[in-house]
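> File name start.cif; file contents mmCIF, C-alpha atoms; full text below.
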```
data_entry
loop_
_atom_site.label_atom_id
_atom_site.label_comp_id
_atom_site.auth_asym_id
_atom_site.auth_seq_id
_atom_site.Cartn_x
_atom_site.Cartn_y
_atom_site.Cartn_z
CA MET M 117 -44.82 -28.42 -11.70
CA ILE M 118 -43.94 -31.96 -10.70
CA ASP M 119 -45.15 -34.38 -8.05
CA LEU M 120 -44.49 -38.03 -7.27
CA GLU M 121 -46.15 -40.72 -5.24
CA THR M 122 -43.77 -43.32 -3.83
CA THR M 123 -43.55 -46.56 -1.87
CA GLY M 124 -42.17 -44.81 1.21
CA VAL M 125 -41.00 -41.56 2.69
CA GLY M 126 -37.19 -41.78 2.46
CA ILE M 127 -34.85 -41.40 -0.50
CA LYS M 128 -33.20 -44.80 -0.07
CA ASN M 129 -35.13 -47.98 -0.88
CA ASN M 130 -38.01 -45.91 -2.19
CA ASN M 131 -39.67 -46.40 -5.57
CA ILE M 132 -41.75 -44.07 -7.72
CA ILE M 133 -45.27 -45.36 -8.37
CA GLU M 134 -46.91 -42.27 -9.89
CA ILE M 135 -45.58 -39.18 -11.67
CA ALA M 136 -47.45 -36.01 -12.60
CA VAL M 137 -46.05 -33.08 -14.55
CA ILE M 138 -47.87 -29.88 -15.43
CA ALA M 139 -46.57 -27.67 -18.25
CA LEU M 140 -47.10 -23.93 -17.77
CA ASP M 141 -46.71 -21.00 -20.09
CA LYS M 142 -44.70 -17.90 -19.15
CA HIS M 143 -47.80 -16.42 -17.45
CA LEU M 144 -48.22 -19.52 -15.25
CA ALA M 145 -51.25 -20.70 -17.20
CA LEU M 146 -51.73 -24.43 -17.54
CA LYS M 147 -50.73 -25.73 -20.98
CA SER M 148 -50.92 -29.48 -20.48
CA THR M 149 -50.76 -32.28 -17.89
CA LEU M 150 -49.12 -35.68 -17.81
CA THR M 151 -49.87 -38.45 -15.33
CA ILE M 152 -47.88 -41.68 -15.42
CA PRO M 153 -48.60 -44.70 -13.23
CA VAL M 154 -45.29 -46.52 -12.74
CA ARG M 155 -45.25 -50.29 -12.29
CA LEU M 156 -43.04 -51.67 -9.54
CA ASN M 157 -40.59 -54.39 -10.28
CA GLY M 158 -40.77 -57.64 -8.29
CA ARG M 159 -37.92 -56.74 -5.89
CA ALA M 160 -39.32 -53.41 -4.74
CA LYS M 161 -40.27 -53.12 -1.08
CA TRP M 162 -43.76 -51.88 -0.26
CA GLY M 163 -44.52 -49.30 2.44
CA LYS M 164 -47.92 -49.70 4.11
CA GLU M 165 -47.56 -46.20 5.61
CA ALA M 166 -47.24 -44.68 2.14
CA GLU M 167 -50.25 -46.67 0.90
CA GLU M 168 -52.31 -45.16 3.72
CA VAL M 169 -51.36 -41.72 2.42
CA HIS M 170 -51.83 -42.07 -1.35
CA LYS M 171 -54.35 -44.97 -1.38
CA ILE M 172 -52.57 -46.79 -4.22
CA SER M 173 -52.66 -50.50 -3.46
CA GLU M 174 -49.59 -52.69 -3.71
CA GLU M 175 -51.42 -54.91 -6.20
CA ALA M 176 -52.17 -51.95 -8.49
CA ALA M 177 -48.59 -50.67 -8.21
CA ARG M 178 -47.15 -54.08 -9.12
CA HIS M 179 -49.50 -54.89 -12.01
CA GLN M 180 -50.52 -51.60 -13.64
CA GLY M 181 -48.67 -48.76 -15.26
CA TYR M 182 -45.44 -48.29 -17.19
CA LEU M 183 -41.93 -49.45 -16.52
CA LEU M 184 -39.78 -46.64 -15.09
CA THR M 185 -37.79 -46.44 -18.34
CA GLU M 186 -40.99 -45.93 -20.31
CA ALA M 187 -42.12 -43.28 -17.81
CA ILE M 188 -38.82 -41.43 -18.26
CA ASP M 189 -39.29 -41.49 -22.03
CA GLN M 190 -42.77 -39.99 -21.59
CA ILE M 191 -41.39 -37.22 -19.37
CA ASP M 192 -38.69 -36.41 -21.94
CA GLU M 193 -41.26 -36.24 -24.76
CA PHE M 194 -43.64 -34.09 -22.69
CA ILE M 195 -40.92 -31.61 -21.71
CA ALA M 196 -39.58 -31.43 -25.30
CA GLU M 197 -43.08 -30.78 -26.61
CA HIS M 198 -43.82 -27.91 -24.20
CA TYR M 199 -40.49 -26.22 -23.42
CA ASP M 200 -37.54 -24.80 -25.36
CA LYS M 201 -35.27 -24.90 -22.31
CA PRO M 202 -35.28 -26.98 -19.10
CA PRO M 203 -38.23 -25.97 -16.90
CA ILE M 204 -37.72 -25.21 -13.22
CA PRO M 205 -39.36 -27.90 -11.10
CA CYS M 206 -41.87 -26.44 -8.67
CA GLY M 207 -44.01 -28.02 -5.98
CA PHE M 208 -44.33 -29.00 -2.37
CA ASN M 209 -41.36 -31.09 -1.25
CA VAL M 210 -40.04 -30.91 -4.82
CA HIS M 211 -36.47 -31.34 -3.55
CA PHE M 212 -37.38 -34.91 -2.48
CA ASP M 213 -39.17 -35.60 -5.77
CA MET M 214 -36.24 -34.34 -7.84
CA LYS M 215 -33.77 -36.53 -5.91
CA LEU M 216 -35.85 -39.56 -6.95
CA ILE M 217 -36.13 -38.31 -10.55
CA GLU M 218 -32.36 -37.74 -10.68
CA THR M 219 -31.74 -41.25 -9.35
CA ALA M 220 -34.13 -42.78 -11.91
CA TYR M 221 -32.37 -40.97 -14.76
CA GLU M 222 -28.89 -41.81 -13.44
CA LYS M 223 -29.78 -45.52 -13.35
CA LYS M 224 -30.56 -45.25 -17.06
CA LYS M 225 -27.37 -43.21 -17.63
CA ARG M 226 -29.37 -40.21 -18.77
CA LYS M 227 -29.69 -36.58 -17.70
CA HIS M 228 -33.13 -35.42 -16.63
CA PRO M 229 -34.74 -32.61 -18.67
CA PHE M 230 -35.37 -30.20 -15.77
CA SER M 231 -33.41 -27.16 -14.63
CA HIS M 232 -31.02 -27.66 -11.71
CA MET M 233 -32.87 -24.84 -9.90
CA ILE M 234 -36.08 -25.62 -8.00
CA HIS M 235 -38.98 -23.65 -6.53
CA GLU M 236 -39.78 -25.34 -3.23
CA LEU M 237 -43.20 -24.19 -2.06
CA ASN M 238 -42.60 -25.53 1.46
CA SER M 239 -39.66 -23.10 1.78
CA ILE M 240 -41.78 -20.21 0.54
CA GLY M 241 -44.50 -21.13 3.05
CA ARG M 242 -41.96 -21.29 5.87
CA THR M 243 -40.26 -18.02 4.90
CA PHE M 244 -43.34 -15.85 4.38
CA PHE M 245 -46.17 -17.44 6.32
CA ASP M 246 -44.55 -19.56 9.05
CA LYS M 247 -46.34 -22.55 7.46
CA ASN M 248 -44.12 -25.63 7.12
CA SER M 249 -46.05 -27.76 4.64
CA SER M 250 -48.81 -27.87 2.05
CA ARG M 251 -51.12 -29.14 4.79
CA HIS M 252 -50.78 -25.73 6.49
CA LEU M 253 -50.06 -23.33 3.61
CA VAL M 254 -52.78 -24.37 1.15
CA PRO M 255 -55.73 -23.73 3.53
CA HIS M 256 -53.99 -20.57 4.84
CA LEU M 257 -54.11 -19.21 1.29
CA GLY M 258 -57.84 -20.03 1.05
CA ILE M 259 -57.41 -22.96 -1.33
CA GLU M 260 -59.93 -25.76 -0.82
CA VAL M 261 -58.62 -29.28 -0.26
CA ASP M 262 -60.47 -32.41 -1.36
CA GLU M 263 -59.42 -34.96 1.26
CA LYS M 264 -60.32 -37.85 -1.06
CA LYS M 265 -58.06 -36.63 -3.88
CA LYS M 266 -55.02 -35.33 -2.02
CA HIS M 267 -51.79 -37.29 -2.17
CA ARG M 268 -52.30 -38.32 -5.76
CA ALA M 269 -49.64 -36.85 -8.00
CA LEU M 270 -51.80 -34.82 -10.41
CA TYR M 271 -54.06 -33.46 -7.67
CA ASP M 272 -51.04 -32.40 -5.61
CA CYS M 273 -49.55 -30.76 -8.72
CA THR M 274 -52.75 -28.77 -9.27
CA GLN M 275 -52.70 -27.72 -5.60
CA SER M 276 -49.14 -26.51 -6.13
CA LEU M 277 -50.27 -24.55 -9.18
CA LYS M 278 -53.15 -22.96 -7.25
CA THR M 279 -50.67 -22.04 -4.51
CA LEU M 280 -48.34 -20.49 -7.06
CA HIS M 281 -51.24 -18.43 -8.48
CA ARG M 282 -52.15 -17.17 -4.99
CA LEU M 283 -48.53 -16.31 -4.31
CA GLU M 284 -48.36 -14.45 -7.62
CA ARG M 285 -51.30 -12.28 -6.50
CA VAL M 286 -49.57 -11.29 -3.26
CA LYS M 287 -45.95 -11.24 -4.46
CA TRP M 288 -45.26 -7.54 -3.75
CA LYS M 289 -46.63 -7.90 -0.25
CA LEU M 290 -44.39 -10.96 0.20
CA ILE M 291 -41.32 -9.10 -1.04
CA LYS M 292 -41.95 -6.22 1.38
CA THR M 293 -42.44 -8.69 4.26
CA TYR M 294 -39.22 -10.49 3.35
CA TYR M 295 -37.18 -7.27 3.27
CA ARG M 296 -38.68 -6.04 6.55
CA ARG M 297 -37.73 -9.34 8.22
CA SER M 298 -34.23 -9.13 6.71
CA GLU M 299 -33.77 -5.58 8.03
CA GLN M 300 -34.95 -6.61 11.52
CA LYS M 301 -32.35 -9.41 11.64
CA ALA M 302 -29.53 -7.11 10.53
#
```
Mind turning this structure into structure tokens?


Amino acid sequence: MIDLETTGVGIKNNNIIEIAVIALDKHLALKSTLTIPVRLNGRAKWGKEAEEVHKISEEAARHQGYLLTEAIDQIDEFIAEHYDKPPIPCGFNVHFDMKLIETAYEKKKRKHPFSHMIHELNSIGRTFFDKNSSRHLVPHLGIEVDEKKKHRALYDCTQSLKTLHRLERVKWKLIKTYYRRSEQKA
């Protein structure tokens, strides 16, 4: 599981300000968590809209946390400690998060430690439940949302994990639904 908080909503001119990674075992049980506040450099642009979402102040983002290179080192150590092979990134909007992770690693001329495959929970929600985002899918699955904690990287990661556990419980029903829909389209 991985989640980021950023200075904006687009890929370009967007900076990572918080990273969370959850290590899981093969049964999807939580093994360990990592949360890294990332300090912005002086040139980084700040997005007020993003601050309204994640509630991380510009002052905190500019003066607290680790440099991005240090954060990358921590990710590498965490993944090496918990996995023998590259883990598959999973989460809501994980495609966006992985683009930013890839860019951060490329700037340092390094390869990120994750699999090239991803498990995008938004796509699963859209495919099986006609729910386009975590805002719709999480409550649909009966998972409680703490409005004060959401949009912080570790909390969002744990919400993704809870979603994955609920999906695991109903997987055979989901597979049947998927095949029925596929047959109807054919």

> Could you list, as JSON, numbers by chain, every residue matched by the PyMOL selection byres ((chain M and resi 185) around 10) in this structure?

{"M": [154, 182, 183, 184, 186, 187, 188, 189, 190, 191, 220, 221, 223, 224]}

> Could you write those residues out with C-alpha atoms, as a compact mmCIF listing (two decimals), keeping the file's coordinate frame?


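Listing of again_38.txt after writing:
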```txt
# COMPACT_ATOMS: atom_id res chain seq x y z
CA VAL M 154 -45.29 -46.52 -12.74
CA TYR M 182 -45.44 -48.29 -17.19
CA LEU M 183 -41.93 -49.45 -16.52
CA LEU M 184 -39.78 -46.64 -15.09
CA GLU M 186 -40.99 -45.93 -20.31
CA ALA M 187 -42.12 -43.28 -17.81
CA ILE M 188 -38.82 -41.43 -18.26
CA ASP M 189 -39.29 -41.49 -22.03
CA GLN M 190 -42.77 -39.99 -21.59
CA ILE M 191 -41.39 -37.22 -19.37
CA ALA M 220 -34.13 -42.78 -11.91
CA TYR M 221 -32.37 -40.97 -14.76
CA LYS M 223 -29.78 -45.52 -13.35
CA LYS M 224 -30.56 -45.25 -17.06
```

> From the set M:His143, M:Arg242, M:Lys161, M:His198, which residue has the shortest atom-to-atom contact distance to Leu277 (chain M), counting all atoms listed in the file?

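Closest candidate: M:His143.
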
> Taking the file as shown, find all residues satisfying the PyMOL selection byres ((chain M and resi 278-286) around 12) and write them as an NGL selection string.

:M and (117 or 138 or 140 or 143-146 or 206-208 or 235-238 or 240-241 or 244-245 or 249-261 or 271-277 or 287-293)

> Separation of CA of Ser231 (chain M) and CA of Asp200 (chain M), in Å?

11.7 Å

> Please expand the PyMOL selection byres ((chain M and resi 119) around 6) into the concrete residues it hits in this file, giving the result as a PyMOL selection string.

chain M and resi 118+120+136+269+273
